[in-house]
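Student: Take a look at the following structure, please.
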Amino acid sequence: MSTAFTPGESGWQSRLGKLRDVVRQDLVARQLSAELPPPSVRIIDLGCGQGTQAVGLARRGYEVTGVDASAGLLARFGRDLAAEPAEVRARIRIERGLIENSAERAGVSPFAAVLCHGVLMYHADPGPVLRAAAALTAPGGLVSLLVRNGDALALRPGLLGDWAACAEAFGSASYQNRIGVTARADRLADLTGRLAGHGLEVTAWYGVRVFTDAAADDAEPPPDLAALLDCEERAGRTDPYRQVAALLHLIARRPG
């Protein structure tokens, strides 16, 4: 089951646990904790990958369904899940499939929260994924989207001194990402309008990786990681810093 992400999957797996991944996963988890209702509501993670967020949520008492097209990432998810206590394993269901088909599964009922992190950038047309996410969101529920920030697309190549890529990024929605895949960025205003078309209102948004996006692919978390994460978390909720973050984390809600 191949997707636009498939050519970069091995590169993605090789970077798991490195600094940029740790910052992303920690910041998203912190930001989600401020938005989610208490456990044990049902959550679906569309494009769950290796299951970092799903496992963290299950540890907190949430019931989580993880959906992904990648057999390799789901196998890694399963291996990691096997090391968790029985009560955590019991709260997680793993399914293989395309995200855009998730809402059409027989017997599926809406969820209190729908997560879709790091997915839209691999879809030339985000419409089918957004429709699926909206259809799976219960009244009063929320959608959590993590996307590449199109309003700051020139910042990474500029910081790295790649001036040709920097010049191309101004006004563009396309970029070559660090796992070698041509991907697409979203702008906050555009995505807010798209979500409104599906009956979802953006009620909060955060930046992710303000200070560490230009770190080397193999950079390890430093000894002062806790202090780094605290600064990243603060920047991610503060203007003007969040506006130039590599990733945007949007929370959109369906009226109850």
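Ligands are numbered from 1 in the order shown, chains are lettered A, B, ... in the order of the structure tokens, and residues start at 1 in each chain.
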Excluding Ala154 in chain A and any residue of its chain fewer than 2 positions from it, enumerate the residues within 12 Å of it, using only C-alpha atoms, and give them as number ranges by chain.
Tutor: A: 148-152, 156-176, 185, 214, 244-246
Student: Just the helix (DSSP H, G or I) stuff from range 33-167 of chain A, please, per backbone DSSP, written as number ranges by chain.
Tutor: A: 33, 52-59, 71-82, 86-89, 99-104, 120-122, 127-135, 150-152, 155-159, 163-167
Student: Given only C-alpha atoms as the basis, pick out the residue of A:Gly66, A:Pro37, A:Gly118, A:Pro255 nearest to Pro139 in chain A.
Tutor: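 Result for the nearest residue to Pro139 in chain A: A:Pro255.
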Student: Could you list, as a VMD selection string, every residue within 12 Å of Ala71 in chain A, counting only C-alpha atoms and ignoring same-chain residues fewer than 5 positions away?
Tutor: chain A and resid 1 to 3 6 9 47 to 50 76 to 78 94 to 98
Student: Go through A:Ala29, A:Val88, A:Val181, A:Val41 and flag the residue nearest Gly8 in chain A, using only C-alpha atoms for the distances.
Tutor: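 Closest residue, counting only C-alpha atoms: A:Val181.
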Student: According to DSSP computed on the backbone, where in range 19-233 of chain A is there strand (DSSP E or B)? Give the residues as an MDAnalysis selection string.
Tutor: chainID A and resid 42:46 63:68 92:96 111:117 137:149 174:176 182:184 186 201:208
Student: Would you please work out which residue, of A:Arg187, A:Arg79, A:His117, A:His198, is nearest to Gln25 in chain A when using only C-alpha atoms?
Tutor: A:His117
Student: Pick out the closest residue to Phe211 in chain A from this set: A:Asp224, A:Asp186, A:Glu232, A:Glu104. Count only C-alpha atoms.
Tutor: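 The shortest atom-to-atom distance to Phe211 in chain A comes from A:Glu232.
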Student: So that I can check the surroundings of Gln243 in chain A, please list as a list in words every protein, DNA and RNA residue that reaches within 9 Å of it, counting only C-alpha atoms and ignoring chain neighbours fewer than 4 positions away.
Tutor: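 Final neighbour list, sorted by chain and number: Asn149, Asp151, Ala152, Tyr206, Gly207, Val210, Gly236, Thr238, Asp239 and Leu248 of chain A.
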Student: Based on the selection just made, write all heavy atoms of those residues as an mmCIF file, in the first residue's frame.
Tutor:
```
data_model
loop_
_atom_site.group_PDB
_atom_site.id
_atom_site.type_symbol
_atom_site.label_atom_id
_atom_site.label_comp_id
_atom_site.auth_asym_id
_atom_site.auth_seq_id
_atom_site.Cartn_x
_atom_site.Cartn_y
_atom_site.Cartn_z
ATOM 1 N N ASN A 149 4.594 24.620 7.827
ATOM 2 C CA ASN A 149 4.195 26.019 7.844
ATOM 3 C C ASN A 149 4.591 26.718 6.548
ATOM 4 O O ASN A 149 5.751 27.074 6.341
ATOM 5 C CB ASN A 149 4.835 26.720 9.042
ATOM 6 C CG ASN A 149 4.428 28.174 9.171
ATOM 7 O OD1 ASN A 149 3.556 28.658 8.440
ATOM 8 N ND2 ASN A 149 5.052 28.878 10.096
ATOM 9 N N ASP A 151 3.955 29.680 5.640
ATOM 10 C CA ASP A 151 4.311 31.083 5.829
ATOM 11 C C ASP A 151 5.765 31.268 6.246
ATOM 12 O O ASP A 151 6.239 32.403 6.328
ATOM 13 C CB ASP A 151 3.395 31.727 6.873
ATOM 14 C CG ASP A 151 1.985 31.911 6.349
ATOM 15 O OD1 ASP A 151 1.841 32.252 5.162
ATOM 16 O OD2 ASP A 151 1.027 31.707 7.116
ATOM 17 N N ALA A 152 6.461 30.168 6.536
ATOM 18 C CA ALA A 152 7.865 30.265 6.944
ATOM 19 C C ALA A 152 8.737 29.294 6.148
ATOM 20 O O ALA A 152 9.774 28.847 6.618
ATOM 21 C CB ALA A 152 8.003 29.977 8.435
ATOM 22 N N TYR A 206 -0.538 26.450 17.363
ATOM 23 C CA TYR A 206 0.772 26.483 17.999
ATOM 24 C C TYR A 206 1.861 26.326 16.928
ATOM 25 O O TYR A 206 1.628 25.788 15.848
ATOM 26 C CB TYR A 206 0.933 25.327 18.989
ATOM 27 C CG TYR A 206 -0.116 25.252 20.063
ATOM 28 C CD1 TYR A 206 -1.302 24.532 19.858
ATOM 29 C CD2 TYR A 206 0.074 25.868 21.295
ATOM 30 C CE1 TYR A 206 -2.265 24.442 20.862
ATOM 31 C CE2 TYR A 206 -0.878 25.782 22.299
ATOM 32 C CZ TYR A 206 -2.054 25.069 22.072
ATOM 33 O OH TYR A 206 -3.002 24.981 23.065
ATOM 34 N N GLY A 207 3.068 26.751 17.275
ATOM 35 C CA GLY A 207 4.237 26.466 16.458
ATOM 36 C C GLY A 207 5.005 25.286 17.051
ATOM 37 O O GLY A 207 5.006 25.079 18.263
ATOM 38 N N VAL A 210 10.615 25.822 16.642
ATOM 39 C CA VAL A 210 11.009 27.196 16.339
ATOM 40 C C VAL A 210 12.534 27.303 16.294
ATOM 41 O O VAL A 210 13.107 27.904 15.386
ATOM 42 C CB VAL A 210 10.431 28.164 17.388
ATOM 43 C CG1 VAL A 210 10.955 29.577 17.160
ATOM 44 C CG2 VAL A 210 8.905 28.143 17.366
ATOM 45 N N GLY A 236 6.385 28.216 21.020
ATOM 46 C CA GLY A 236 5.310 27.666 20.211
ATOM 47 C C GLY A 236 3.939 28.221 20.510
ATOM 48 O O GLY A 236 3.005 28.027 19.719
ATOM 49 N N THR A 238 3.732 31.623 21.584
ATOM 50 C CA THR A 238 3.979 33.053 21.729
ATOM 51 C C THR A 238 4.288 33.693 20.383
ATOM 52 O O THR A 238 5.133 33.210 19.629
ATOM 53 C CB THR A 238 5.182 33.290 22.673
ATOM 54 O OG1 THR A 238 4.958 32.618 23.917
ATOM 55 C CG2 THR A 238 5.377 34.776 22.928
ATOM 56 N N ASP A 239 3.597 34.800 20.091
ATOM 57 C CA ASP A 239 3.951 35.593 18.910
ATOM 58 C C ASP A 239 5.164 36.469 19.229
ATOM 59 O O ASP A 239 5.298 36.918 20.355
ATOM 60 C CB ASP A 239 2.778 36.477 18.496
ATOM 61 C CG ASP A 239 1.633 35.670 17.899
ATOM 62 O OD1 ASP A 239 1.922 34.679 17.192
ATOM 63 O OD2 ASP A 239 0.467 36.011 18.147
ATOM 64 N N LEU A 248 3.108 23.893 11.983
ATOM 65 C CA LEU A 248 1.960 24.480 12.660
ATOM 66 C C LEU A 248 1.087 23.362 13.207
ATOM 67 O O LEU A 248 0.808 22.378 12.519
ATOM 68 C CB LEU A 248 1.135 25.326 11.681
ATOM 69 C CG LEU A 248 1.793 26.554 11.071
ATOM 70 C CD1 LEU A 248 0.796 27.249 10.155
ATOM 71 C CD2 LEU A 248 2.287 27.505 12.148
#
```
Student: Write out as a PDB file with all heavy atoms, in the first residue's frame the residues lying within 12 Å of Phe111 in chain A, counting only C-alpha atoms and excluding same-chain residues fewer than 4 positions away.
Tutor:
```pdb
ATOM      1  N   LEU A  36      -7.287  18.394  24.883  1.00  0.00           N
ATOM      2  CA  LEU A  36      -8.115  17.190  24.909  1.00  0.00           C
ATOM      3  C   LEU A  36      -9.032  17.152  26.123  1.00  0.00           C
ATOM      4  O   LEU A  36      -8.659  17.621  27.202  1.00  0.00           O
ATOM      5  CB  LEU A  36      -7.234  15.942  24.927  1.00  0.00           C
ATOM      6  CG  LEU A  36      -6.489  15.590  23.648  1.00  0.00           C
ATOM      7  CD1 LEU A  36      -5.527  14.437  23.916  1.00  0.00           C
ATOM      8  CD2 LEU A  36      -7.459  15.221  22.532  1.00  0.00           C
ATOM      9  N   PRO A  37     -10.208  16.563  25.972  1.00  0.00           N
ATOM     10  CA  PRO A  37     -11.028  16.280  27.156  1.00  0.00           C
ATOM     11  C   PRO A  37     -10.349  15.198  27.987  1.00  0.00           C
ATOM     12  O   PRO A  37      -9.431  14.519  27.514  1.00  0.00           O
ATOM     13  CB  PRO A  37     -12.348  15.783  26.562  1.00  0.00           C
ATOM     14  CG  PRO A  37     -11.979  15.257  25.216  1.00  0.00           C
ATOM     15  CD  PRO A  37     -10.834  16.103  24.729  1.00  0.00           C
ATOM     16  N   SER A  40     -11.659   8.738  29.636  1.00  0.00           N
ATOM     17  CA  SER A  40     -11.117   7.890  28.597  1.00  0.00           C
ATOM     18  C   SER A  40     -11.890   8.013  27.294  1.00  0.00           C
ATOM     19  O   SER A  40     -12.411   7.030  26.780  1.00  0.00           O
ATOM     20  CB  SER A  40     -11.151   6.441  29.066  1.00  0.00           C
ATOM     21  OG  SER A  40     -12.500   6.076  29.408  1.00  0.00           O
ATOM     22  N   VAL A  41     -11.990   9.217  26.737  1.00  0.00           N
ATOM     23  CA  VAL A  41     -12.687   9.389  25.473  1.00  0.00           C
ATOM     24  C   VAL A  41     -11.934   8.674  24.355  1.00  0.00           C
ATOM     25  O   VAL A  41     -10.756   8.359  24.471  1.00  0.00           O
ATOM     26  CB  VAL A  41     -12.850  10.887  25.126  1.00  0.00           C
ATOM     27  CG1 VAL A  41     -13.663  11.604  26.186  1.00  0.00           C
ATOM     28  CG2 VAL A  41     -11.489  11.557  24.940  1.00  0.00           C
ATOM     29  N   ARG A  42     -12.631   8.435  23.255  1.00  0.00           N
ATOM     30  CA  ARG A  42     -12.062   7.723  22.109  1.00  0.00           C
ATOM     31  C   ARG A  42     -11.354   8.703  21.180  1.00  0.00           C
ATOM     32  O   ARG A  42     -11.877   9.759  20.855  1.00  0.00           O
ATOM     33  CB  ARG A  42     -13.154   6.967  21.353  1.00  0.00           C
ATOM     34  CG  ARG A  42     -13.803   5.871  22.140  1.00  0.00           C
ATOM     35  CD  ARG A  42     -15.043   5.315  21.446  1.00  0.00           C
ATOM     36  NE  ARG A  42     -14.740   4.787  20.131  1.00  0.00           N
ATOM     37  CZ  ARG A  42     -15.158   5.347  18.980  1.00  0.00           C
ATOM     38  NH1 ARG A  42     -15.882   6.444  18.989  1.00  0.00           N
ATOM     39  NH2 ARG A  42     -14.849   4.796  17.822  1.00  0.00           N
ATOM     40  N   ILE A  43     -10.146   8.307  20.737  1.00  0.00           N
ATOM     41  CA  ILE A  43      -9.316   9.114  19.839  1.00  0.00           C
ATOM     42  C   ILE A  43      -8.914   8.250  18.660  1.00  0.00           C
ATOM     43  O   ILE A  43      -8.624   7.057  18.821  1.00  0.00           O
ATOM     44  CB  ILE A  43      -8.054   9.617  20.573  1.00  0.00           C
ATOM     45  CG1 ILE A  43      -8.432  10.553  21.723  1.00  0.00           C
ATOM     46  CG2 ILE A  43      -7.094  10.309  19.620  1.00  0.00           C
ATOM     47  CD1 ILE A  43      -7.258  10.966  22.593  1.00  0.00           C
ATOM     48  N   ILE A  44      -8.889   8.839  17.470  1.00  0.00           N
ATOM     49  CA  ILE A  44      -8.327   8.150  16.302  1.00  0.00           C
ATOM     50  C   ILE A  44      -7.134   8.952  15.798  1.00  0.00           C
ATOM     51  O   ILE A  44      -7.198  10.181  15.689  1.00  0.00           O
ATOM     52  CB  ILE A  44      -9.383   7.936  15.202  1.00  0.00           C
ATOM     53  CG1 ILE A  44      -8.796   7.055  14.084  1.00  0.00           C
ATOM     54  CG2 ILE A  44      -9.937   9.248  14.656  1.00  0.00           C
ATOM     55  CD1 ILE A  44      -9.846   6.519  13.119  1.00  0.00           C
ATOM     56  N   ASP A  45      -6.043   8.259  15.538  1.00  0.00           N
ATOM     57  CA  ASP A  45      -4.800   8.874  15.058  1.00  0.00           C
ATOM     58  C   ASP A  45      -4.609   8.458  13.611  1.00  0.00           C
ATOM     59  O   ASP A  45      -4.206   7.325  13.319  1.00  0.00           O
ATOM     60  CB  ASP A  45      -3.634   8.412  15.931  1.00  0.00           C
ATOM     61  CG  ASP A  45      -2.337   9.148  15.626  1.00  0.00           C
ATOM     62  OD1 ASP A  45      -2.301   9.916  14.644  1.00  0.00           O
ATOM     63  OD2 ASP A  45      -1.353   8.950  16.368  1.00  0.00           O
ATOM     64  N   LEU A  46      -4.921   9.364  12.687  1.00  0.00           N
ATOM     65  CA  LEU A  46      -4.832   9.095  11.253  1.00  0.00           C
ATOM     66  C   LEU A  46      -3.412   9.369  10.779  1.00  0.00           C
ATOM     67  O   LEU A  46      -2.939  10.497  10.852  1.00  0.00           O
ATOM     68  CB  LEU A  46      -5.819   9.979  10.494  1.00  0.00           C
ATOM     69  CG  LEU A  46      -7.295   9.845  10.884  1.00  0.00           C
ATOM     70  CD1 LEU A  46      -8.142  10.866  10.126  1.00  0.00           C
ATOM     71  CD2 LEU A  46      -7.797   8.432  10.633  1.00  0.00           C
ATOM     72  N   TYR A  62      -6.471   7.113  27.547  1.00  0.00           N
ATOM     73  CA  TYR A  62      -7.352   7.276  26.392  1.00  0.00           C
ATOM     74  C   TYR A  62      -7.464   5.976  25.606  1.00  0.00           C
ATOM     75  O   TYR A  62      -6.526   5.173  25.565  1.00  0.00           O
ATOM     76  CB  TYR A  62      -6.818   8.378  25.476  1.00  0.00           C
ATOM     77  CG  TYR A  62      -6.884   9.764  26.069  1.00  0.00           C
ATOM     78  CD1 TYR A  62      -5.772  10.353  26.664  1.00  0.00           C
ATOM     79  CD2 TYR A  62      -8.070  10.493  26.034  1.00  0.00           C
ATOM     80  CE1 TYR A  62      -5.833  11.628  27.202  1.00  0.00           C
ATOM     81  CE2 TYR A  62      -8.137  11.773  26.573  1.00  0.00           C
ATOM     82  CZ  TYR A  62      -7.024  12.335  27.159  1.00  0.00           C
ATOM     83  OH  TYR A  62      -7.096  13.587  27.709  1.00  0.00           O
ATOM     84  N   GLU A  63      -8.614   5.799  24.951  1.00  0.00           N
ATOM     85  CA  GLU A  63      -8.818   4.692  24.018  1.00  0.00           C
ATOM     86  C   GLU A  63      -8.425   5.193  22.633  1.00  0.00           C
ATOM     87  O   GLU A  63      -9.013   6.158  22.129  1.00  0.00           O
ATOM     88  CB  GLU A  63     -10.280   4.256  24.019  1.00  0.00           C
ATOM     89  CG  GLU A  63     -10.826   3.851  25.386  1.00  0.00           C
ATOM     90  CD  GLU A  63     -10.266   2.525  25.852  1.00  0.00           C
ATOM     91  OE1 GLU A  63      -9.937   1.687  24.984  1.00  0.00           O
ATOM     92  OE2 GLU A  63     -10.153   2.315  27.080  1.00  0.00           O
ATOM     93  N   VAL A  64      -7.433   4.561  22.003  1.00  0.00           N
ATOM     94  CA  VAL A  64      -6.851   5.089  20.768  1.00  0.00           C
ATOM     95  C   VAL A  64      -6.896   4.063  19.649  1.00  0.00           C
ATOM     96  O   VAL A  64      -6.490   2.907  19.840  1.00  0.00           O
ATOM     97  CB  VAL A  64      -5.391   5.532  20.984  1.00  0.00           C
ATOM     98  CG1 VAL A  64      -4.856   6.217  19.731  1.00  0.00           C
ATOM     99  CG2 VAL A  64      -5.268   6.469  22.183  1.00  0.00           C
ATOM    100  N   THR A  65      -7.382   4.490  18.479  1.00  0.00           N
ATOM    101  CA  THR A  65      -7.280   3.709  17.251  1.00  0.00           C
ATOM    102  C   THR A  65      -6.226   4.359  16.368  1.00  0.00           C
ATOM    103  O   THR A  65      -6.309   5.562  16.085  1.00  0.00           O
ATOM    104  CB  THR A  65      -8.624   3.679  16.499  1.00  0.00           C
ATOM    105  OG1 THR A  65      -9.604   3.036  17.306  1.00  0.00           O
ATOM    106  CG2 THR A  65      -8.493   2.920  15.177  1.00  0.00           C
ATOM    107  N   SER A 102     -10.891   6.112   5.841  1.00  0.00           N
ATOM    108  CA  SER A 102     -11.159   5.722   7.223  1.00  0.00           C
ATOM    109  C   SER A 102     -12.600   5.956   7.645  1.00  0.00           C
ATOM    110  O   SER A 102     -13.168   5.176   8.419  1.00  0.00           O
ATOM    111  CB  SER A 102     -10.221   6.485   8.173  1.00  0.00           C
ATOM    112  OG  SER A 102      -8.884   6.171   7.900  1.00  0.00           O
ATOM    113  N   ALA A 103     -13.209   7.024   7.142  1.00  0.00           N
ATOM    114  CA  ALA A 103     -14.571   7.340   7.560  1.00  0.00           C
ATOM    115  C   ALA A 103     -15.600   6.419   6.933  1.00  0.00           C
ATOM    116  O   ALA A 103     -16.762   6.388   7.368  1.00  0.00           O
ATOM    117  CB  ALA A 103     -14.902   8.789   7.214  1.00  0.00           C
ATOM    118  N   LEU A 115      -6.733  12.926  15.316  1.00  0.00           N
ATOM    119  CA  LEU A 115      -5.372  13.427  15.130  1.00  0.00           C
ATOM    120  C   LEU A 115      -4.920  13.129  13.710  1.00  0.00           C
ATOM    121  O   LEU A 115      -5.166  12.033  13.191  1.00  0.00           O
ATOM    122  CB  LEU A 115      -4.406  12.772  16.115  1.00  0.00           C
ATOM    123  CG  LEU A 115      -4.834  12.620  17.570  1.00  0.00           C
ATOM    124  CD1 LEU A 115      -3.691  12.033  18.390  1.00  0.00           C
ATOM    125  CD2 LEU A 115      -5.309  13.935  18.144  1.00  0.00           C
ATOM    126  N   ALA A 132     -12.245  13.211   5.470  1.00  0.00           N
ATOM    127  CA  ALA A 132     -12.272  12.032   6.332  1.00  0.00           C
ATOM    128  C   ALA A 132     -12.159  12.426   7.798  1.00  0.00           C
ATOM    129  O   ALA A 132     -12.891  11.912   8.655  1.00  0.00           O
ATOM    130  CB  ALA A 132     -11.143  11.071   5.952  1.00  0.00           C
ATOM    131  N   ALA A 133     -11.234  13.346   8.103  1.00  0.00           N
ATOM    132  CA  ALA A 133     -11.060  13.789   9.481  1.00  0.00           C
ATOM    133  C   ALA A 133     -12.330  14.437  10.010  1.00  0.00           C
ATOM    134  O   ALA A 133     -12.769  14.168  11.140  1.00  0.00           O
ATOM    135  CB  ALA A 133      -9.885  14.753   9.586  1.00  0.00           C
ATOM    136  N   ALA A 134     -12.956  15.281   9.193  1.00  0.00           N
ATOM    137  CA  ALA A 134     -14.184  15.952   9.619  1.00  0.00           C
ATOM    138  C   ALA A 134     -15.306  14.953   9.838  1.00  0.00           C
ATOM    139  O   ALA A 134     -16.069  15.059  10.814  1.00  0.00           O
ATOM    140  CB  ALA A 134     -14.587  17.001   8.588  1.00  0.00           C
ATOM    141  N   ALA A 135     -15.419  13.980   8.944  1.00  0.00           N
ATOM    142  CA  ALA A 135     -16.494  12.993   9.062  1.00  0.00           C
ATOM    143  C   ALA A 135     -16.345  12.131  10.310  1.00  0.00           C
ATOM    144  O   ALA A 135     -17.337  11.609  10.833  1.00  0.00           O
ATOM    145  CB  ALA A 135     -16.520  12.107   7.819  1.00  0.00           C
ATOM    146  N   LEU A 136     -15.126  11.981  10.794  1.00  0.00           N
ATOM    147  CA  LEU A 136     -14.879  11.143  11.972  1.00  0.00           C
ATOM    148  C   LEU A 136     -14.995  11.910  13.287  1.00  0.00           C
ATOM    149  O   LEU A 136     -14.869  11.319  14.360  1.00  0.00           O
ATOM    150  CB  LEU A 136     -13.485  10.529  11.877  1.00  0.00           C
ATOM    151  CG  LEU A 136     -13.309   9.430  10.828  1.00  0.00           C
ATOM    152  CD1 LEU A 136     -11.830   9.167  10.573  1.00  0.00           C
ATOM    153  CD2 LEU A 136     -14.013   8.149  11.272  1.00  0.00           C
ATOM    154  N   THR A 137     -15.215  13.220  13.214  1.00  0.00           N
ATOM    155  CA  THR A 137     -15.240  14.058  14.412  1.00  0.00           C
ATOM    156  C   THR A 137     -16.653  14.175  14.966  1.00  0.00           C
ATOM    157  O   THR A 137     -17.570  14.623  14.279  1.00  0.00           O
ATOM    158  CB  THR A 137     -14.703  15.466  14.104  1.00  0.00           C
ATOM    159  OG1 THR A 137     -13.416  15.355  13.480  1.00  0.00           O
ATOM    160  CG2 THR A 137     -14.573  16.286  15.377  1.00  0.00           C
ATOM    161  N   ALA A 138     -16.821  13.802  16.201  1.00  0.00           N
ATOM    162  CA  ALA A 138     -18.132  13.857  16.853  1.00  0.00           C
ATOM    163  C   ALA A 138     -18.520  15.302  17.154  1.00  0.00           C
ATOM    164  O   ALA A 138     -17.646  16.179  17.258  1.00  0.00           O
ATOM    165  CB  ALA A 138     -18.099  13.054  18.148  1.00  0.00           C
ATOM    166  N   PRO A 139     -19.821  15.593  17.291  1.00  0.00           N
ATOM    167  CA  PRO A 139     -20.225  16.924  17.761  1.00  0.00           C
ATOM    168  C   PRO A 139     -19.524  17.261  19.075  1.00  0.00           C
ATOM    169  O   PRO A 139     -19.477  16.441  19.998  1.00  0.00           O
ATOM    170  CB  PRO A 139     -21.736  16.774  17.948  1.00  0.00           C
ATOM    171  CG  PRO A 139     -22.126  15.691  17.000  1.00  0.00           C
ATOM    172  CD  PRO A 139     -20.972  14.720  17.008  1.00  0.00           C
ATOM    173  N   GLY A 140     -18.957  18.462  19.141  1.00  0.00           N
ATOM    174  CA  GLY A 140     -18.181  18.854  20.311  1.00  0.00           C
ATOM    175  C   GLY A 140     -16.763  18.341  20.308  1.00  0.00           C
ATOM    176  O   GLY A 140     -15.982  18.673  21.204  1.00  0.00           O
ATOM    177  N   GLY A 141     -16.397  17.548  19.291  1.00  0.00           N
ATOM    178  CA  GLY A 141     -15.056  16.974  19.215  1.00  0.00           C
ATOM    179  C   GLY A 141     -14.076  17.900  18.535  1.00  0.00           C
ATOM    180  O   GLY A 141     -14.424  18.975  18.050  1.00  0.00           O
ATOM    181  N   LEU A 142     -12.820  17.470  18.484  1.00  0.00           N
ATOM    182  CA  LEU A 142     -11.764  18.294  17.906  1.00  0.00           C
ATOM    183  C   LEU A 142     -10.929  17.519  16.905  1.00  0.00           C
ATOM    184  O   LEU A 142     -10.853  16.294  16.940  1.00  0.00           O
ATOM    185  CB  LEU A 142     -10.866  18.877  18.997  1.00  0.00           C
ATOM    186  CG  LEU A 142      -9.982  17.949  19.828  1.00  0.00           C
ATOM    187  CD1 LEU A 142      -8.656  17.642  19.127  1.00  0.00           C
ATOM    188  CD2 LEU A 142      -9.702  18.539  21.196  1.00  0.00           C
ATOM    189  N   VAL A 143     -10.310  18.286  15.998  1.00  0.00           N
ATOM    190  CA  VAL A 143      -9.330  17.768  15.061  1.00  0.00           C
ATOM    191  C   VAL A 143      -8.000  18.431  15.367  1.00  0.00           C
ATOM    192  O   VAL A 143      -7.919  19.653  15.533  1.00  0.00           O
ATOM    193  CB  VAL A 143      -9.737  18.059  13.604  1.00  0.00           C
ATOM    194  CG1 VAL A 143      -8.631  17.626  12.643  1.00  0.00           C
ATOM    195  CG2 VAL A 143     -11.032  17.343  13.255  1.00  0.00           C
ATOM    196  N   ARG A 253     -12.447  22.664  16.171  1.00  0.00           N
ATOM    197  CA  ARG A 253     -13.533  22.004  16.897  1.00  0.00           C
ATOM    198  C   ARG A 253     -14.830  22.037  16.092  1.00  0.00           C
ATOM    199  O   ARG A 253     -15.124  23.002  15.393  1.00  0.00           O
ATOM    200  CB  ARG A 253     -13.722  22.660  18.254  1.00  0.00           C
ATOM    201  CG  ARG A 253     -12.495  22.559  19.144  1.00  0.00           C
ATOM    202  CD  ARG A 253     -12.707  23.179  20.525  1.00  0.00           C
ATOM    203  NE  ARG A 253     -11.481  23.160  21.298  1.00  0.00           N
ATOM    204  CZ  ARG A 253     -11.097  22.142  22.077  1.00  0.00           C
ATOM    205  NH1 ARG A 253     -11.894  21.094  22.194  1.00  0.00           N
ATOM    206  NH2 ARG A 253      -9.956  22.183  22.741  1.00  0.00           N
ATOM    207  N   ARG A 254     -15.593  20.949  16.245  1.00  0.00           N
ATOM    208  CA  ARG A 254     -16.944  20.910  15.689  1.00  0.00           C
ATOM    209  C   ARG A 254     -17.923  21.351  16.768  1.00  0.00           C
ATOM    210  O   ARG A 254     -17.891  20.810  17.890  1.00  0.00           O
ATOM    211  CB  ARG A 254     -17.298  19.489  15.232  1.00  0.00           C
ATOM    212  CG  ARG A 254     -18.674  19.402  14.572  1.00  0.00           C
ATOM    213  CD  ARG A 254     -19.001  18.003  14.095  1.00  0.00           C
ATOM    214  NE  ARG A 254     -18.099  17.550  13.038  1.00  0.00           N
ATOM    215  CZ  ARG A 254     -18.099  17.987  11.794  1.00  0.00           C
ATOM    216  NH1 ARG A 254     -18.953  18.954  11.443  1.00  0.00           N
ATOM    217  NH2 ARG A 254     -17.262  17.512  10.917  1.00  0.00           N
TER     218      ARG A 254
END
```
Student: Which of these residues is nearest to Ala112 in chain A, using only C-alpha atoms: A:Pro128, A:Glu220, A:Leu145, A:Gly256?
Tutor: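 Once distances to Ala112 in chain A are computed over only C-alpha atoms, the minimum belongs to A:Gly256.
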